[in-house]
Structure formats: structure tokens, C-alpha cells
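Asks: My structure is below; once you've seen it, I'll send some questions.
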Amino acid sequence: MAYFFLIFLLPLAMASGAHLRPGYYLETCPKAEFIVRDVMKKALIREPRSLASVMRFQFHDCFVDGCDASMLLDDAPNMLGEKLALANINSLRSYEVIDEAKEAVEKACPGVVSCADILIMAARDAVALTGGPDWQVKLGRLDSLSANQELSNDIMPSPRSNASYLIDLFKKYDLSIKDLVALSGSHSIGQGRCFSIMFRLYNQSGTGKPDPEIEPKFREELNKLCPVNVDQNVTVDLDATPRIFDNQYFKDLVSGRGFLNSDQTLFTFEKTKPFVKKFSGDQKRFFEAFVEGMIKMGDLQSGKPGEIRRNCRVANRRPLEKLREY
Ligand code: HEM
């Protein structure tokens, strides 16, 4: 079943974002980008980690049927949302920051700016406000009419993934090996749960032993933070500077201090290693490659009909006859 989805549905998500462009709301809602950035600035003061959490949304939204805010929909009576999908449950957080941005934008220009675009602006702002690059985002996306939990389960990679699996997955979205490594650099900010590394610490690939790639001192630290009987929702920093968007993540990988298996594997695998090395020594190159990757990922579109949601958590109600048009 999973295979069927990957083969037949992924090309849909790869429909081009040719209609997207910078300045899309210049006439209809000129303040939209300022409003979103303002909300993100407030979020940074309230809870610095929430910026990482919001930035992660772009990945979890765009890989599942394109960047259409499907991920923001709550469960509905006849639809399971993506919030409870395997990679998202007990993990994605800070949905309220997007709600706040949407509310503020709706106040200024009701019914004009999509949640999908707000999410893309907010992800960019999260990077810029934590010390990373700033860039122009393309806008003009529509919000999906529904969510697809099953597709999210099939697609979103596990923290156990190795580089070879990730290369193949990203390739299905026209994202290169360089894009994969650069985008993984998003783990320069934020935290992960012990849950995501328990197997790595205590039973890598069923061996009953830890992942040998973890630098021994770092493993000791992780063992203390995530002992065998820990509450697995306890969180640990993803790199040594979790509030600053920089190339420390890549330096950590080079010294065997990657948090997730999917992080460290980028240094152990021959095809990804040269990029890790390059980015660890050259932050400017990392920033350039990251921006390129975010723009490419932001171009993913399903080509399905959409709308401008009034509330990012629920599809707009529409009369039955209107529904039939879709
Ligand atoms: C390459 C494959 C990827 C895998 C396997 C992966 C997996 C994960 C996992 C397991 C966590 C921790 C979740 C938890 O323990 O609750 C995490 C956190 C995070 N991921 Fe990824 N990720 C990947 C790529 C990306 C990309 C492309 C982005 C964004 C562009 C991203 C942004 C983030 C951020 C910012 C966090 C921290 C969130 C927070 O503090 O709330 N990840 N990722």
C-alpha cells in the first residue's frame, strides 16, 4: 500500500509552483508579511523554541500533497487530520503561533491570505529571526479542502532513516542530495524527544547496543538525559546551539554529535558526507543552499482545488452544490 502511494501520488505533489510569486499580496494585503513577522517576533520572546517548531511545519506540510496547510486541519467528523499522523503526534507543536498570525492577518484583510502562505512566511521568519538567512518567499498558495493522514504516515521519514533512504525520498520531490543535506541543517534549531533516539542509545538495529557512530562522551551525555526508564517526552537539544540558526549542526555531525540517526547518517554515508563537510566549514554556503532548498520545497503543489480558509484548523463550510464542483 505504502509503495502504491509513493509511486502514484508523489508526482501529484510535484506539480510545479509556477503560479507562485513574490509580492503576491502587495495590492490585496500589503501588510501581510509584516504582520506575520511581528507575530513571530512575539513568539520568539514568549518561547524561543516555538520558532523551530513552526519552521518544521513547512517540511511536514509540503511533503504531504504539497504546501497547502493540510497539516493544520484538526480532525473532523469524517476526516482524520495529519496532526495525529505517526511523525506528528506528540511531536509537532506551536500550532497556536500560526493561529495568532492568521487571526492578525484576517483582521487586516479578511479572506485574502491563505494559511499555506502564512506557514511559508512564518518558516522563513523563524530562520531569519534566529540568526539565519532572510529571503523573499513566493506566495499565492491555496489551502486544501481536506487532510490525508494515511499519506503523511506513508511519507514522513522516521528518525531511524538512513541517508540512502532519505536521498531516494527527497529525489521523488526533485530535491537533490545537496538539498537534503542543507535542509537537514534546519536541525540547527529546536529539540527532539528521547523517544526519537532510544533505539539509537540502547538497541541500534536490534543489536542491543548503541549506534557506534555516536561519539562516546556525547553518548554518556545522552544516556544521562535519556536513561532507559525516562519519560520519552523529555526533550534534548538538536545541536549545541539550539536557539541559533548556524552551521553548528554540521560541526556536530563531523564530531559524531548528531542527535538523530537521520542526522548522523549524513556524515557516515559517502554521497552526503562531502556536503556535511563543506557546510561545517562554510556557513555562507550552507545558508545559500538552505534558502535554495526551502524555495524548492515551497514550490511543491498538489494541483488540487483549494480555498482561502478563514480558520487554519477547519475547512470553510460550503453549500452542498458547491461541494459537488470539486
Ligand atoms: C531529512 C529528514 C528528516 C527527518 C528524518 C526529521 C526528523 C525529525 C525528528 C525525529 C525530530 C524530533 C521530533 C521529536 O522527537 O519529537 C525533528 C525535529 C525538527 N525538525 Fe526534522 N527531520 C527531517 C528533516 C527536516 C526538515 C527538512 C526540516 C525543515 C526544513 C526539519 C525541521 C525540524 C525542526 C526545526 C525540528 C525541531 C522542532 C522543535 O523543536 O519543535 N526537519 N525532525
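If you're wondering about the labels, chains in the C-alpha cells are A, B, ... by order shown, residues count from 1 in each chain, ligands from 1 in order shown.
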Enumerate as number ranges by chain the residues within 7 Å of ligand 1, counting only C-alpha atoms and all ligand atoms.
Replies: A: 49-50, 52-53, 55-56, 58-59, 90-93, 157-161, 166, 180, 183-184, 186-187, 189-196, 260, 262, 294
Asks: Write the residues of the selection above to a file with N, CA and C atoms, as a compact mmCIF listing (two decimals), in the first residue's frame.
Replies:
# COMPACT_ATOMS: atom_id res chain seq x y z
N ARG A 49 11.78 28.27 21.52
CA ARG A 49 11.72 27.02 20.75
C ARG A 49 10.58 27.02 19.73
N SER A 50 9.53 27.82 20.00
CA SER A 50 8.37 27.75 19.11
C SER A 50 8.75 28.14 17.67
N ALA A 52 11.46 27.17 16.03
CA ALA A 52 11.89 25.91 15.41
C ALA A 52 10.67 25.05 15.08
N SER A 53 9.76 24.99 16.03
CA SER A 53 8.57 24.14 15.85
C SER A 53 7.75 24.60 14.64
N MET A 55 8.95 26.37 12.08
CA MET A 55 9.73 26.17 10.86
C MET A 55 9.58 24.74 10.34
N ARG A 56 9.50 23.80 11.27
CA ARG A 56 9.35 22.38 10.91
C ARG A 56 8.06 22.13 10.13
N GLN A 58 6.85 23.59 7.67
CA GLN A 58 6.98 23.65 6.20
C GLN A 58 7.30 22.26 5.63
N PHE A 59 8.19 21.55 6.27
CA PHE A 59 8.56 20.21 5.80
C PHE A 59 7.34 19.27 5.88
N ASN A 90 2.31 13.94 19.22
CA ASN A 90 3.17 14.25 20.38
C ASN A 90 4.48 14.92 19.98
N SER A 91 4.54 15.47 18.78
CA SER A 91 5.81 15.99 18.29
C SER A 91 5.65 17.37 17.66
N LEU A 92 4.80 17.49 16.64
CA LEU A 92 4.56 18.84 16.09
C LEU A 92 3.88 19.67 17.17
N ARG A 93 4.24 20.92 17.23
CA ARG A 93 3.73 21.79 18.30
C ARG A 93 3.74 23.24 17.82
N PRO A 157 9.49 10.74 6.97
CA PRO A 157 10.53 9.78 7.36
C PRO A 157 10.70 9.67 8.88
N SER A 158 11.12 8.47 9.29
CA SER A 158 11.36 8.22 10.71
C SER A 158 12.76 8.69 11.08
N PRO A 159 12.99 8.96 12.38
CA PRO A 159 14.34 9.38 12.80
C PRO A 159 15.37 8.27 12.59
N ARG A 160 14.89 7.05 12.33
CA ARG A 160 15.83 5.95 12.08
C ARG A 160 16.32 5.90 10.65
N SER A 161 15.72 6.69 9.78
CA SER A 161 16.05 6.61 8.35
C SER A 161 17.54 6.79 8.12
N LEU A 166 16.77 8.47 2.59
CA LEU A 166 16.39 9.90 2.52
C LEU A 166 16.70 10.50 1.15
N LEU A 180 18.90 17.86 0.37
CA LEU A 180 18.64 17.03 1.55
C LEU A 180 19.55 17.44 2.71
N LEU A 183 18.77 21.08 3.89
CA LEU A 183 17.50 21.19 4.61
C LEU A 183 17.56 20.50 5.97
N SER A 184 18.35 19.44 6.06
CA SER A 184 18.52 18.79 7.38
C SER A 184 19.19 19.75 8.35
N SER A 186 18.22 22.41 9.11
CA SER A 186 17.15 23.02 9.91
C SER A 186 17.25 22.52 11.35
N HIS A 187 17.84 21.35 11.55
CA HIS A 187 18.00 20.83 12.92
C HIS A 187 19.07 21.62 13.68
N ILE A 189 18.23 24.38 14.83
CA ILE A 189 17.44 24.93 15.93
C ILE A 189 16.42 23.90 16.39
N GLY A 190 16.06 23.99 17.67
CA GLY A 190 14.99 23.16 18.19
C GLY A 190 15.44 21.95 18.98
N GLN A 191 14.46 21.14 19.31
CA GLN A 191 14.70 19.97 20.17
C GLN A 191 13.96 18.74 19.66
N GLY A 192 14.41 17.59 20.12
CA GLY A 192 13.72 16.34 19.82
C GLY A 192 13.49 15.58 21.11
N ARG A 193 12.59 14.60 21.06
CA ARG A 193 12.28 13.83 22.27
C ARG A 193 13.22 12.63 22.42
N CYS A 194 13.40 12.21 23.66
CA CYS A 194 14.17 10.98 23.90
C CYS A 194 13.58 9.85 23.05
N PHE A 195 12.26 9.84 22.92
CA PHE A 195 11.58 8.83 22.10
C PHE A 195 12.29 8.60 20.77
N SER A 196 12.79 9.70 20.18
CA SER A 196 13.35 9.60 18.83
C SER A 196 14.76 9.01 18.80
N LEU A 260 19.91 12.74 15.94
CA LEU A 260 19.11 11.66 15.36
C LEU A 260 19.99 10.76 14.50
N SER A 262 19.07 9.90 11.62
CA SER A 262 18.96 10.50 10.29
C SER A 262 19.91 11.69 10.13
N MET A 294 14.68 25.52 0.62
CA MET A 294 13.37 25.95 1.17
C MET A 294 12.47 26.48 0.05
Asks: Can you list, as a list in words, every residue of region 135-236 of chain A that DSSP puts in strand (DSSP E)?
Replies: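 Answer for region 135-236 of chain A, restricted to strand (DSSP E): Gln191, Gly192, Arg193, Thr235 and Val236 of chain A.
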Asks: Pull C-alpha atoms from the residues just selected and write them as a PDB file, in the first residue's frame.
Replies:
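Saved to selection_17.pdb:
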ATOM      1  CA  GLN A 191      14.695  19.974  20.169  1.00  0.00           C
ATOM      2  CA  GLY A 192      13.721  16.338  19.818  1.00  0.00           C
ATOM      3  CA  ARG A 193      12.277  13.829  22.273  1.00  0.00           C
ATOM      4  CA  THR A 235      13.355  16.802  25.101  1.00  0.00           C
ATOM      5  CA  VAL A 236      17.000  17.319  24.185  1.00  0.00           C
TER       6      VAL A 236
END
Asks: Set out as a Markdown table a contact list for region 141-178 of chain A and region 268-282 of chain A with a cut-off of 7 Å, giving each residue of region 141-178 of chain A that qualifies its closest atom pair and distance in Å to one decimal, counting only C-alpha atoms, ordered by chain and rising residue number.
Replies:
| residue | atom | partner | partner_atom | distance |
| --- | --- | --- | --- | --- |
| A:Ala163 | CA | A:Phe269 | CA | 6.4 |
| A:Ile177 | CA | A:Thr272 | CA | 6.6 |
| A:Lys178 | CA | A:Phe275 | CA | 6.5 |
Asks: With N, CA and C atoms retained, export the selected residues as a CSV table (one decimal), in the first residue's frame.
Replies:
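Writing the result to again_0.csv gives the following:
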chain,number,residue,atom,x,y,z
A,163,ALA,N,20.7,7.6,5.2
A,163,ALA,CA,20.9,8.6,4.2
A,163,ALA,C,20.4,8.1,2.8
A,177,ILE,N,20.6,15.7,-3.5
A,177,ILE,CA,21.4,15.3,-2.3
A,177,ILE,C,21.8,16.6,-1.5
A,178,LYS,N,22.2,17.6,-2.3
A,178,LYS,CA,22.6,18.8,-1.6
A,178,LYS,C,21.4,19.5,-0.9
Asks: Could you name the residues that touch Lys209 (chain A) at 12 Å or less, counting only C-alpha atoms, but leaving out those on the same chain fewer than 5 positions away, as a list in words?
Replies: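 What passes the distance filter is Met198, Phe199, Arg200, Leu201, Tyr202, Asn203, Gln204, Ile214 and Arg219 of chain A.
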Asks: Tell me which of A:Tyr249, A:Phe218, A:Phe286, A:Tyr173 sits closest to Gly66 (chain A), counting only C-alpha atoms.
Replies: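 Counting only C-alpha atoms, the residue closest to Gly66 (chain A) is A:Tyr173.
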Asks: If you take only C-alpha atoms and a cut-off of 7 Å, which residues of region 91-185 of chain A touch region 35-40 of chain A, and what are their nearest atom pairs and distances in Å to one decimal, in chain and number order, as a tab-separated table?
Replies:
residue	atom	partner	partner_atom	distance
A:Ala101	CA	A:Val36	CA	5.4
A:Ala104	CA	A:Ile35	CA	6.8
A:Val105	CA	A:Ile35	CA	6.5
A:Ala122	CA	A:Val36	CA	6.4
A:Asp125	CA	A:Arg37	CA	6.0
A:Ala126	CA	A:Met40	CA	6.9
Asks: Keeping N, CA and C atoms for every residue in the selection just given, could you write it to a file as an mmCIF file, in the first residue's frame?
Replies:
data_model
loop_
_atom_site.group_PDB
_atom_site.id
_atom_site.type_symbol
_atom_site.label_atom_id
_atom_site.label_comp_id
_atom_site.auth_asym_id
_atom_site.auth_seq_id
_atom_site.Cartn_x
_atom_site.Cartn_y
_atom_site.Cartn_z
ATOM 1 N N ALA A 101 -1.064 34.335 13.938
ATOM 2 C CA ALA A 101 -0.703 35.069 12.716
ATOM 3 C C ALA A 101 -1.923 35.188 11.798
ATOM 4 N N ALA A 104 -4.417 37.738 13.069
ATOM 5 C CA ALA A 104 -3.954 39.116 12.857
ATOM 6 C C ALA A 104 -4.055 39.503 11.385
ATOM 7 N N VAL A 105 -3.729 38.579 10.500
ATOM 8 C CA VAL A 105 -3.806 38.872 9.063
ATOM 9 C C VAL A 105 -5.279 39.020 8.645
ATOM 10 N N ALA A 122 6.062 32.260 7.853
ATOM 11 C CA ALA A 122 6.468 32.049 9.247
ATOM 12 C C ALA A 122 7.730 31.193 9.322
ATOM 13 N N ASP A 125 10.557 33.416 8.491
ATOM 14 C CA ASP A 125 10.806 34.351 9.591
ATOM 15 C C ASP A 125 11.519 33.669 10.753
ATOM 16 N N ALA A 126 11.165 32.400 10.999
ATOM 17 C CA ALA A 126 11.793 31.654 12.103
ATOM 18 C C ALA A 126 13.294 31.568 11.879
#
Asks: Would you mind telling me which residue in A:Leu145, A:Ala69, A:Ala240, A:Ile98 lies nearest to Asn316 (chain A) when using only C-alpha atoms?
Replies: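 Smallest distance to Asn316 (chain A) is found for A:Leu145.
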Asks: Env of Phe63 (chain A): 10 Å cut, atoms = only C-alpha atoms, seq-sep filter 4 positions within chain, self excluded. Answer as a count of residues only.
Replies: 20
Asks: Find the residues around Cys29 (chain A) up to 9 Å (only C-alpha atoms counted), leave out those fewer than 6 positions away in its own chain, and share them as a PyMOL selection string.
Replies: chain A and resi 105+108-109+112-113
Asks: Using the selection just defined, write its residues with C-alpha atoms as a PDB file, in the first residue's frame.
Replies:
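Output file out_9.pdb is given in full below:
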ATOM      1  CA  VAL A 105      -3.806  38.872   9.063  1.00  0.00           C
ATOM      2  CA  ALA A 108      -6.211  43.456   8.350  1.00  0.00           C
ATOM      3  CA  CYS A 109      -7.532  41.772   5.186  1.00  0.00           C
ATOM      4  CA  VAL A 112      -7.344  37.114   1.317  1.00  0.00           C
ATOM      5  CA  VAL A 113      -4.218  35.370   2.611  1.00  0.00           C
TER       6      VAL A 113
END
Asks: Give me, as a CSV table (one decimal) with C-alpha atoms, in the first residue's frame, all polymer residues having an atom no more than 8 Å from Ser114 (chain A), counting only C-alpha atoms and skipping those fewer than 4 positions away in the same chain.
Replies:
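Below is the file that was written, part30.csv:
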chain,number,residue,atom,x,y,z
A,118,ILE,CA,1.3,32.2,6.2
A,140,GLY,CA,-0.2,32.6,-3.9
A,141,ARG,CA,-0.9,29.1,-2.5
A,142,LEU,CA,-4.4,27.9,-1.7
A,143,ASP,CA,-5.4,25.9,1.4
A,307,GLU,CA,-9.6,27.8,-0.9
A,308,ILE,CA,-8.6,30.6,1.5
A,309,ARG,CA,-9.5,29.2,4.9
Asks: What does the distance from CA of Glu292 (chain A) to CA of Val254 (chain A) come to in Å, to one decimal?
Replies: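 These two atoms are separated by 23.0 Å.
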Asks: Which value, in Å to one decimal, gives the distance between CA of Pro22 (chain A) and CA of Pro110 (chain A)?
Replies: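 Computed distance, CA of Pro22 (chain A) to CA of Pro110 (chain A), equals 20.2 Å.
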